[in-house]
Amino acid sequence: MPQLLLCTGNPGKLTELRALLPPSMELISLKEAGLPTDLPETGNTFAANALQKARFAFERTGLPCIADDSGLEVEALGGAPGVDTAFFAGPQKDDKANVAKLLHELQ
């Protein structure tokens, strides 16, 4: 059975994509592939980060990979937080703190 590696630490994305794929395709997680769930994201665009994650996983597993990156680009903030959305309020990746900072910045 062909395998496809989804490069995300989000179990919800894994469940959603598994439901969309045909039964003849096996979708595996980063954990199942023996990789960390927090892959490198040092690009300056969402596309660069997705490509970086897919290449990282492919180089270590040889499996075809699917990766994405997303975030908020708020026009009133000049496109911020952009690729730094998860770290907007600091390195802890705290969703509530990120929302609070975003709302504060918008004031």
# chains A, B, ... in the order shown; residues from 1 in each chain; ligands from 1
>>> select_by_dssp(residues="segment 14-96 of chain A", states="strand (DSSP E or B)", output="PyMOL selection string")
chain A and resi 26-28+65-67+73+81
>>> select_by_dssp(residues="segment 29-91 of chain A", states="alpha helix (DSSP H)", output="PyMOL selection string")
chain A and resi 46-61
>>> residues_around(residues="His104 of chain A", least_positions_apart="6", cutoff="12 Å", atoms="only C-alpha atoms", output="list of chain:residue names")
A:Leu77, A:Phe88, A:Ala89, A:Ala97, A:Asn98
>>> write_last_selection(atoms="all heavy atoms", output="mmCIF file, in the first residue's frame")
data_model
loop_
_atom_site.group_PDB
_atom_site.id
_atom_site.type_symbol
_atom_site.label_atom_id
_atom_site.label_comp_id
_atom_site.auth_asym_id
_atom_site.auth_seq_id
_atom_site.Cartn_x
_atom_site.Cartn_y
_atom_site.Cartn_z
ATOM 1 N N LEU A 77 -2.176 45.722 10.233
ATOM 2 C CA LEU A 77 -0.883 45.594 10.925
ATOM 3 C C LEU A 77 0.250 45.393 9.928
ATOM 4 O O LEU A 77 1.307 44.857 10.272
ATOM 5 C CB LEU A 77 -0.925 44.429 11.917
ATOM 6 C CG LEU A 77 -1.955 44.527 13.036
ATOM 7 C CD1 LEU A 77 -1.914 43.290 13.917
ATOM 8 C CD2 LEU A 77 -1.727 45.780 13.867
ATOM 9 N N PHE A 88 3.595 34.981 17.880
ATOM 10 C CA PHE A 88 3.325 36.414 17.931
ATOM 11 C C PHE A 88 3.523 36.990 19.328
ATOM 12 O O PHE A 88 4.074 38.076 19.481
ATOM 13 C CB PHE A 88 1.916 36.675 17.416
ATOM 14 C CG PHE A 88 1.608 38.113 17.101
ATOM 15 C CD1 PHE A 88 2.465 38.877 16.326
ATOM 16 C CD2 PHE A 88 0.440 38.700 17.552
ATOM 17 C CE1 PHE A 88 2.177 40.194 16.011
ATOM 18 C CE2 PHE A 88 0.136 40.021 17.243
ATOM 19 C CZ PHE A 88 0.999 40.760 16.472
ATOM 20 N N ALA A 89 3.109 36.262 20.357
ATOM 21 C CA ALA A 89 3.229 36.753 21.733
ATOM 22 C C ALA A 89 4.437 36.161 22.454
ATOM 23 O O ALA A 89 4.623 36.397 23.639
ATOM 24 C CB ALA A 89 1.957 36.450 22.514
ATOM 25 N N ALA A 97 -2.530 33.995 24.360
ATOM 26 C CA ALA A 97 -1.648 35.162 24.409
ATOM 27 C C ALA A 97 -1.516 35.797 23.023
ATOM 28 O O ALA A 97 -1.456 37.028 22.899
ATOM 29 C CB ALA A 97 -0.279 34.768 24.954
ATOM 30 N N ASN A 98 -1.483 34.974 21.993
ATOM 31 C CA ASN A 98 -1.393 35.500 20.623
ATOM 32 C C ASN A 98 -2.635 36.311 20.267
ATOM 33 O O ASN A 98 -2.536 37.392 19.681
ATOM 34 C CB ASN A 98 -1.201 34.365 19.618
ATOM 35 C CG ASN A 98 0.175 33.750 19.679
ATOM 36 O OD1 ASN A 98 1.125 34.370 20.120
ATOM 37 N ND2 ASN A 98 0.279 32.509 19.245
#
>>> closest_atom_pairs(of="segment 49-81 of chain A", to="segment 6-12 of chain A", cutoff="7 Å", atoms="only C-alpha atoms", output="Markdown table")
| residue | atom | partner | partner_atom | distance |
| --- | --- | --- | --- | --- |
| A:Lys53 | CA | A:Cys7 | CA | 6.5 |
| A:Ala54 | CA | A:Cys7 | CA | 6.4 |
| A:Cys65 | CA | A:Leu6 | CA | 5.8 |
| A:Ile66 | CA | A:Leu6 | CA | 5.0 |
| A:Ala67 | CA | A:Cys7 | CA | 4.9 |
>>> closest_residue(among="A:Ser70, A:Thr15, A:Thr85, A:Asn49", to="Lys101 of chain A", atoms="only C-alpha atoms")
A:Thr85
>>> closest_residue(among="A:Thr45, A:Leu63, A:Lys93, A:Ser24", to="Gly79 of chain A", atoms="only C-alpha atoms")
A:Thr45
>>> atom_distance(atom1="atom CA of Asp38 of chain A", atom2="atom CA of Ala19 of chain A")
23.2 Å
>>> residues_around(residues="Phe87 of chain A", least_positions_apart="5", cutoff="12 Å", atoms="only C-alpha atoms", output="number ranges by chain")
A: 41, 71-72, 80-82, 92-99, 101-102
>>> closest_residue(among="A:Asp68, A:Gly78, A:Lys31, A:Arg18", to="Leu51 of chain A", atoms="only C-alpha atoms")
A:Asp68
>>> atom_distance(atom1="atom CA of Ala33 of chain A", atom2="atom CA of Gln52 of chain A")
17.0 Å
>>> atom_distance(atom1="atom CA of Ala86 of chain A", atom2="atom CA of Lys13 of chain A")
16.7 Å
